[in-house]
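So this block is protein05.txt, compact mmCIF, C-alpha atoms:
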# COMPACT_ATOMS: atom_id res chain seq x y z
CA MET I 184 4.29 -25.03 -24.72
CA ARG I 185 7.75 -24.71 -23.21
CA CYS I 186 8.21 -25.84 -19.59
CA PRO I 187 9.07 -22.78 -17.44
CA PHE I 188 11.22 -24.96 -15.16
CA CYS I 189 13.46 -26.98 -17.50
CA GLY I 190 12.76 -25.49 -20.94
CA ASN I 191 11.50 -28.73 -22.47
CA GLU I 192 9.25 -27.92 -25.44
CA ASP I 193 7.12 -31.07 -25.21
CA THR I 194 4.62 -30.57 -22.37
CA GLN I 195 1.28 -32.31 -21.97
CA VAL I 196 -2.13 -30.82 -21.18
CA LYS I 197 -3.70 -32.66 -18.24
CA ASP I 198 -6.84 -30.56 -17.74
CA SER I 199 -8.62 -27.73 -19.59
CA ARG I 200 -11.54 -25.60 -18.45
CA PRO I 201 -12.89 -22.12 -19.06
CA THR I 202 -12.25 -19.40 -16.50
CA GLU I 203 -15.19 -18.13 -14.42
CA ASP I 204 -16.01 -15.31 -16.82
CA ASN I 205 -15.41 -17.48 -19.91
CA SER I 206 -12.81 -15.04 -21.22
CA ALA I 207 -9.96 -17.56 -21.24
CA ILE I 208 -9.11 -21.26 -21.14
CA ARG I 209 -7.17 -22.47 -18.11
CA ARG I 210 -4.88 -25.42 -18.84
CA ARG I 211 -3.00 -27.54 -16.31
CA ARG I 212 0.16 -28.84 -17.92
CA PHE I 213 2.72 -31.50 -17.07
CA CYS I 214 6.35 -31.72 -18.19
CA PRO I 215 7.47 -35.35 -18.77
CA SER I 216 11.11 -34.26 -18.62
CA CYS I 217 11.22 -32.73 -15.10
CA SER I 218 7.74 -33.80 -13.82
CA ALA I 219 6.77 -30.20 -13.06
CA ARG I 220 3.17 -29.03 -13.23
CA PHE I 221 2.12 -25.54 -14.23
CA THR I 222 -0.91 -23.58 -15.41
CA THR I 223 -1.34 -21.59 -18.61
CA PHE I 224 -4.17 -19.36 -19.80
CA GLU I 225 -5.26 -18.89 -23.40
CA ARG I 226 -7.18 -15.74 -24.32
CA VAL I 227 -8.87 -14.76 -27.54
CA GLN I 228 -7.12 -11.87 -29.22
CA LEU I 229 -9.32 -10.10 -31.75
CA ARG I 230 -6.54 -7.96 -33.21
CA GLU I 231 -2.99 -6.88 -32.58
CA LEU I 232 -3.06 -3.61 -30.68
CA THR I 233 -0.31 -1.02 -30.70
CA VAL I 234 -0.05 1.63 -27.99
CA VAL I 235 0.93 5.11 -29.19
CA LYS I 236 2.67 6.94 -26.36
CA SER I 237 2.51 10.70 -25.88
CA ASN I 238 6.00 11.10 -27.35
CA GLY I 239 4.94 9.25 -30.52
CA GLN I 240 6.73 6.02 -29.63
CA ARG I 241 4.82 2.82 -30.45
CA GLU I 242 4.86 -0.45 -28.57
CA ALA I 243 2.80 -3.63 -28.57
CA PHE I 244 -0.18 -3.60 -26.19
CA ASP I 245 0.54 -5.62 -23.05
CA ARG I 246 -2.46 -6.84 -21.06
CA GLU I 247 -0.20 -7.69 -18.13
CA LYS I 248 1.01 -4.09 -17.93
CA LEU I 249 -2.61 -2.91 -17.70
CA LEU I 250 -3.36 -5.53 -15.04
CA ARG I 251 -0.22 -4.61 -13.09
CA SER I 252 -1.11 -0.91 -12.99
CA MET I 253 -4.62 -1.74 -11.73
CA ARG I 254 -3.21 -4.05 -9.06
CA ILE I 255 -0.73 -1.42 -7.88
CA ALA I 256 -3.49 1.17 -7.52
CA LEU I 257 -5.71 -1.34 -5.70
CA ARG I 258 -2.97 -2.74 -3.44
CA LYS I 259 -4.23 -3.24 0.12
CA ARG I 260 -7.76 -2.27 -0.90
CA PRO I 261 -10.80 -4.54 -0.33
CA ILE I 262 -11.17 -5.51 -4.01
CA ASP I 263 -11.16 -9.16 -5.07
CA ALA I 264 -8.45 -10.19 -7.58
CA ASP I 265 -11.11 -11.85 -9.76
CA ARG I 266 -12.98 -8.55 -10.02
CA ILE I 267 -9.80 -6.79 -11.15
CA ASP I 268 -9.25 -9.49 -13.77
CA ARG I 269 -12.85 -9.16 -15.04
CA VAL I 270 -12.50 -5.37 -15.31
CA VAL I 271 -9.21 -5.73 -17.22
CA ASN I 272 -10.78 -8.33 -19.53
CA SER I 273 -13.64 -5.95 -20.22
CA MET I 274 -11.25 -3.08 -20.99
CA VAL I 275 -9.20 -5.25 -23.35
CA ARG I 276 -12.34 -6.42 -25.17
CA GLN I 277 -13.48 -2.79 -25.55
CA LEU I 278 -10.10 -1.78 -26.96
CA GLU I 279 -9.96 -4.76 -29.35
CA SER I 280 -13.50 -4.24 -30.59
CA SER I 281 -13.06 -0.48 -31.09
CA GLY I 282 -11.95 -1.07 -34.68
CA GLU I 283 -8.65 0.73 -34.12
CA SER I 284 -5.33 -1.10 -34.10
CA GLU I 285 -3.42 1.89 -32.71
CA ILE I 286 -4.60 3.08 -29.30
CA PRO I 287 -3.27 6.27 -27.69
CA SER I 288 -1.84 5.64 -24.22
CA LYS I 289 -4.01 8.52 -22.98
CA GLN I 290 -7.14 6.55 -23.96
CA ILE I 291 -5.94 3.54 -21.96
CA GLY I 292 -5.17 5.77 -18.96
CA GLU I 293 -8.65 7.30 -19.13
CA LYS I 294 -10.26 3.82 -19.23
CA ILE I 295 -8.29 2.85 -16.13
CA MET I 296 -9.34 6.07 -14.40
CA GLU I 297 -13.03 5.38 -15.22
CA ALA I 298 -12.81 1.82 -13.92
CA LEU I 299 -11.02 2.80 -10.71
CA GLN I 300 -13.45 5.62 -10.01
CA THR I 301 -16.31 3.13 -9.83
CA MET I 302 -14.29 0.47 -7.97
CA ASP I 303 -12.47 2.35 -5.20
CA GLN I 304 -11.96 6.07 -4.53
CA VAL I 305 -8.57 5.60 -2.83
CA ALA I 306 -7.23 3.57 -5.75
CA TYR I 307 -8.65 6.18 -8.11
CA ILE I 308 -6.72 8.94 -6.33
CA ARG I 309 -3.55 6.80 -6.19
CA TYR I 310 -3.66 6.17 -9.93
CA ALA I 311 -4.54 9.79 -10.68
CA SER I 312 -1.53 10.98 -8.69
CA VAL I 313 0.78 9.17 -11.10
CA TYR I 314 -1.31 9.54 -14.26
CA LYS I 315 -1.83 13.27 -13.79
CA ASP I 316 1.71 13.72 -12.46
CA PHE I 317 0.94 15.30 -9.08
CA ARG I 318 4.00 17.20 -7.83
CA GLU I 319 2.82 18.73 -4.56
CA ALA I 320 0.28 18.06 -1.82
CA SER I 321 -1.84 20.89 -3.21
CA ASP I 322 -2.27 18.85 -6.40
CA PHE I 323 -3.93 16.12 -4.31
CA ASN I 324 -6.15 18.66 -2.57
CA GLU I 325 -7.32 20.17 -5.86
CA PHE I 326 -8.06 16.73 -7.30
CA VAL I 327 -9.93 15.50 -4.22
CA GLU I 328 -12.02 18.71 -4.20
CA THR I 329 -13.18 17.89 -7.74
CA LEU I 330 -14.43 14.50 -6.47
CA ALA I 331 -16.68 15.92 -3.78
CA PRO I 332 -17.28 19.63 -4.41
CA GLU I 333 -20.17 19.73 -1.94
CA ALA I 334 -17.95 18.59 0.95
CA SER I 335 -16.08 21.41 2.59
CA PRO I 336 -13.20 21.12 5.07
CA GLY I 337 -15.20 22.79 7.88
CA MET I 338 -18.11 20.32 7.77

Let's see the structure in the file written out as structure tokens.
Amino acid sequence: MRCPFCGNEDTQVKDSRPTEDNSAIRRRRFCPSCSARFTTFERVQLRELTVVKSNGQREAFDREKLLRSMRIALRKRPIDADRIDRVVNSMVRQLESSGESEIPSKQIGEKIMEALQTMDQVAYIRYASVYKDFREASDFNEFVETLAPEASPGM
């Protein structure tokens, strides 16, 4: 493992342990060259996934991109970072075990929408506003009305 501080390729593992949900191995490392300490995580990857975008372009699946989009939607919401990580791990496992190596970006977006809907309504609406490309305030109103059709503005 290369040291992120000095670039030395000969680092030492000082401590290894599984993460709380046993989905990864957390390793504390030490660089003998610059004496820096840093943490790495190793995750099991069942298969190489490729994301097929709506325009037909293909790119390698990036777990961090999925995690980043969830964190942006959940920013300043009362959701624990560990819970977000567990949800992302679950989504990645579902995608890897689906048997498909090419995943449409729309399928990933729908999985995020499903997860956010159960986690936090505000984050769900935030994500939907980008995912569904809301252009006007009326787009928000229409979407929110689909969430709670029994609630009316006069009540």

Which stretch 224-280 of chain I residues have any atom within 8 Å of an atom of stretch 202-206 of chain I, and for each, what is the nearest pair of atoms with distance in Å to one decimal, counting all atoms listed in the file, rows sorted by chain and number, as a Markdown table?
| residue | atom | partner | partner_atom | distance |
| --- | --- | --- | --- | --- |
| I:Arg226 | CA | I:Ser206 | CA | 6.5 |
| I:Val227 | CA | I:Ser206 | CA | 7.5 |
| I:Arg269 | CA | I:Asp204 | CA | 7.1 |
| I:Asn272 | CA | I:Ser206 | CA | 7.2 |

Could you please determine the separation between atom CA of I:Ser321 and atom CA of I:Arg251 in Å, to one decimal place?
-> 27.4 Å

Shell of 8 Å around stretch 264-267 of chain I, all atoms listed in the file, local chain residues under 4 positions omitted, as a PyMOL selection string = chain I and resi 250+253-254+271

Give me the residues of stretch 280-304 of chain I that have any atom at most 9 Å from an atom of stretch 235-238 of chain I; for each, the nearest atom pair and the distance in Å, rounded to one decimal. Use only C-alpha atoms, sort by chain and number, and format it as JSON lines.
{"residue": "I:Glu285", "atom": "CA", "partner": "I:Val235", "partner_atom": "CA", "distance": 6.5}
{"residue": "I:Ile286", "atom": "CA", "partner": "I:Val235", "partner_atom": "CA", "distance": 5.9}
{"residue": "I:Pro287", "atom": "CA", "partner": "I:Val235", "partner_atom": "CA", "distance": 4.6}
{"residue": "I:Ser288", "atom": "CA", "partner": "I:Lys236", "partner_atom": "CA", "distance": 5.2}
{"residue": "I:Lys289", "atom": "CA", "partner": "I:Ser237", "partner_atom": "CA", "distance": 7.5}

For the atom pair atom CA of I:Phe326 and atom CA of I:Glu297, what is the interatomic distance in Å to one decimal place?
-> 14.7 Å

Between I:Cys214, I:Arg258, I:Arg276, I:Phe224, which has the minimum distance to I:Ser199 (counting all atoms listed in the file)?
->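 Under the stated criterion, the closest residue is I:Phe224.
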
12 Å contact set for I:Gln304, all atoms listed in the file, chain neighbours under 2 positions out, as a list in words =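 The residues satisfying every condition are Ala256, Leu257, Arg260, Pro261, Ile262, Met296, Glu297, Ala298, Leu299, Gln300, Thr301, Met302, Ala306, Tyr307, Ile308, Arg309, Tyr310, Ala311, Phe326, Val327, Leu330 and Ala331 of chain I.
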
Is there a way to complete stretch 200-231 of chain I with N, CA and C atoms and then write that out as a tab-separated table (two decimals), in the coordinates of the input?
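The resulting file, selection_33.tsv, is shown below:
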chain	number	residue	atom	x	y	z
I	200	ARG	N	-10.20	-26.09	-18.81
I	200	ARG	CA	-11.54	-25.60	-18.45
I	200	ARG	C	-11.59	-24.10	-18.66
I	201	PRO	N	-12.78	-23.58	-18.91
I	201	PRO	CA	-12.89	-22.12	-19.06
I	201	PRO	C	-12.74	-21.43	-17.70
I	202	THR	N	-12.30	-20.19	-17.72
I	202	THR	CA	-12.25	-19.40	-16.50
I	202	THR	C	-13.68	-19.03	-16.11
I	203	GLU	N	-13.85	-18.45	-14.92
I	203	GLU	CA	-15.19	-18.13	-14.42
I	203	GLU	C	-15.97	-17.22	-15.35
I	204	ASP	N	-15.30	-16.25	-15.95
I	204	ASP	CA	-16.01	-15.31	-16.82
I	204	ASP	C	-15.96	-15.72	-18.29
I	205	ASN	N	-15.50	-16.93	-18.56
I	205	ASN	CA	-15.41	-17.48	-19.91
I	205	ASN	C	-14.60	-16.63	-20.88
I	206	SER	N	-13.63	-15.88	-20.35
I	206	SER	CA	-12.81	-15.04	-21.22
I	206	SER	C	-11.49	-15.72	-21.59
I	207	ALA	N	-11.22	-16.87	-20.98
I	207	ALA	CA	-9.96	-17.56	-21.24
I	207	ALA	C	-10.13	-19.05	-20.96
I	208	ILE	N	-9.17	-19.83	-21.43
I	208	ILE	CA	-9.11	-21.26	-21.14
I	208	ILE	C	-7.94	-21.48	-20.19
I	209	ARG	N	-8.21	-22.13	-19.08
I	209	ARG	CA	-7.17	-22.47	-18.11
I	209	ARG	C	-6.71	-23.90	-18.39
I	210	ARG	N	-5.41	-24.09	-18.57
I	210	ARG	CA	-4.88	-25.42	-18.84
I	210	ARG	C	-3.84	-25.80	-17.79
I	211	ARG	N	-4.02	-26.98	-17.20
I	211	ARG	CA	-3.00	-27.54	-16.31
I	211	ARG	C	-2.09	-28.38	-17.18
I	212	ARG	N	-0.81	-28.14	-17.08
I	212	ARG	CA	0.16	-28.84	-17.92
I	212	ARG	C	1.15	-29.62	-17.06
I	213	PHE	N	1.76	-30.63	-17.71
I	213	PHE	CA	2.72	-31.50	-17.07
I	213	PHE	C	3.93	-31.63	-17.98
I	214	CYS	N	5.13	-31.56	-17.41
I	214	CYS	CA	6.35	-31.72	-18.19
I	214	CYS	C	6.90	-33.13	-17.94
I	215	PRO	N	6.95	-33.98	-18.97
I	215	PRO	CA	7.47	-35.35	-18.77
I	215	PRO	C	8.97	-35.37	-18.48
I	216	SER	N	9.66	-34.31	-18.83
I	216	SER	CA	11.11	-34.26	-18.62
I	216	SER	C	11.47	-34.04	-17.15
I	217	CYS	N	10.86	-33.05	-16.49
I	217	CYS	CA	11.22	-32.73	-15.10
I	217	CYS	C	10.08	-33.01	-14.12
I	218	SER	N	8.92	-33.47	-14.62
I	218	SER	CA	7.74	-33.80	-13.82
I	218	SER	C	7.08	-32.59	-13.16
I	219	ALA	N	7.38	-31.41	-13.62
I	219	ALA	CA	6.77	-30.20	-13.06
I	219	ALA	C	5.35	-30.03	-13.60
I	220	ARG	N	4.52	-29.38	-12.81
I	220	ARG	CA	3.17	-29.03	-13.23
I	220	ARG	C	3.05	-27.52	-13.21
I	221	PHE	N	2.33	-26.98	-14.18
I	221	PHE	CA	2.12	-25.54	-14.23
I	221	PHE	C	0.83	-25.25	-14.96
I	222	THR	N	0.36	-24.00	-14.82
I	222	THR	CA	-0.91	-23.58	-15.41
I	222	THR	C	-0.65	-22.52	-16.47
I	223	THR	N	-1.38	-22.62	-17.58
I	223	THR	CA	-1.34	-21.59	-18.61
I	223	THR	C	-2.76	-21.11	-18.87
I	224	PHE	N	-2.87	-19.92	-19.44
I	224	PHE	CA	-4.17	-19.36	-19.80
I	224	PHE	C	-4.12	-18.95	-21.26
I	225	GLU	N	-5.14	-19.31	-22.01
I	225	GLU	CA	-5.26	-18.89	-23.40
I	225	GLU	C	-6.41	-17.91	-23.49
I	226	ARG	N	-6.16	-16.77	-24.14
I	226	ARG	CA	-7.18	-15.74	-24.32
I	226	ARG	C	-7.37	-15.47	-25.80
I	227	VAL	N	-8.58	-15.14	-26.16
I	227	VAL	CA	-8.87	-14.76	-27.54
I	227	VAL	C	-8.33	-13.35	-27.76
I	228	GLN	N	-7.63	-13.19	-28.86
I	228	GLN	CA	-7.12	-11.87	-29.22
I	228	GLN	C	-7.74	-11.50	-30.55
I	229	LEU	N	-8.60	-10.48	-30.54
I	229	LEU	CA	-9.32	-10.10	-31.75
I	229	LEU	C	-8.42	-9.43	-32.77
I	230	ARG	N	-7.48	-8.63	-32.29
I	230	ARG	CA	-6.54	-7.96	-33.21
I	230	ARG	C	-5.30	-7.57	-32.44
I	231	GLU	N	-4.22	-7.37	-33.18
I	231	GLU	CA	-2.99	-6.88	-32.58
I	231	GLU	C	-3.15	-5.39	-32.29
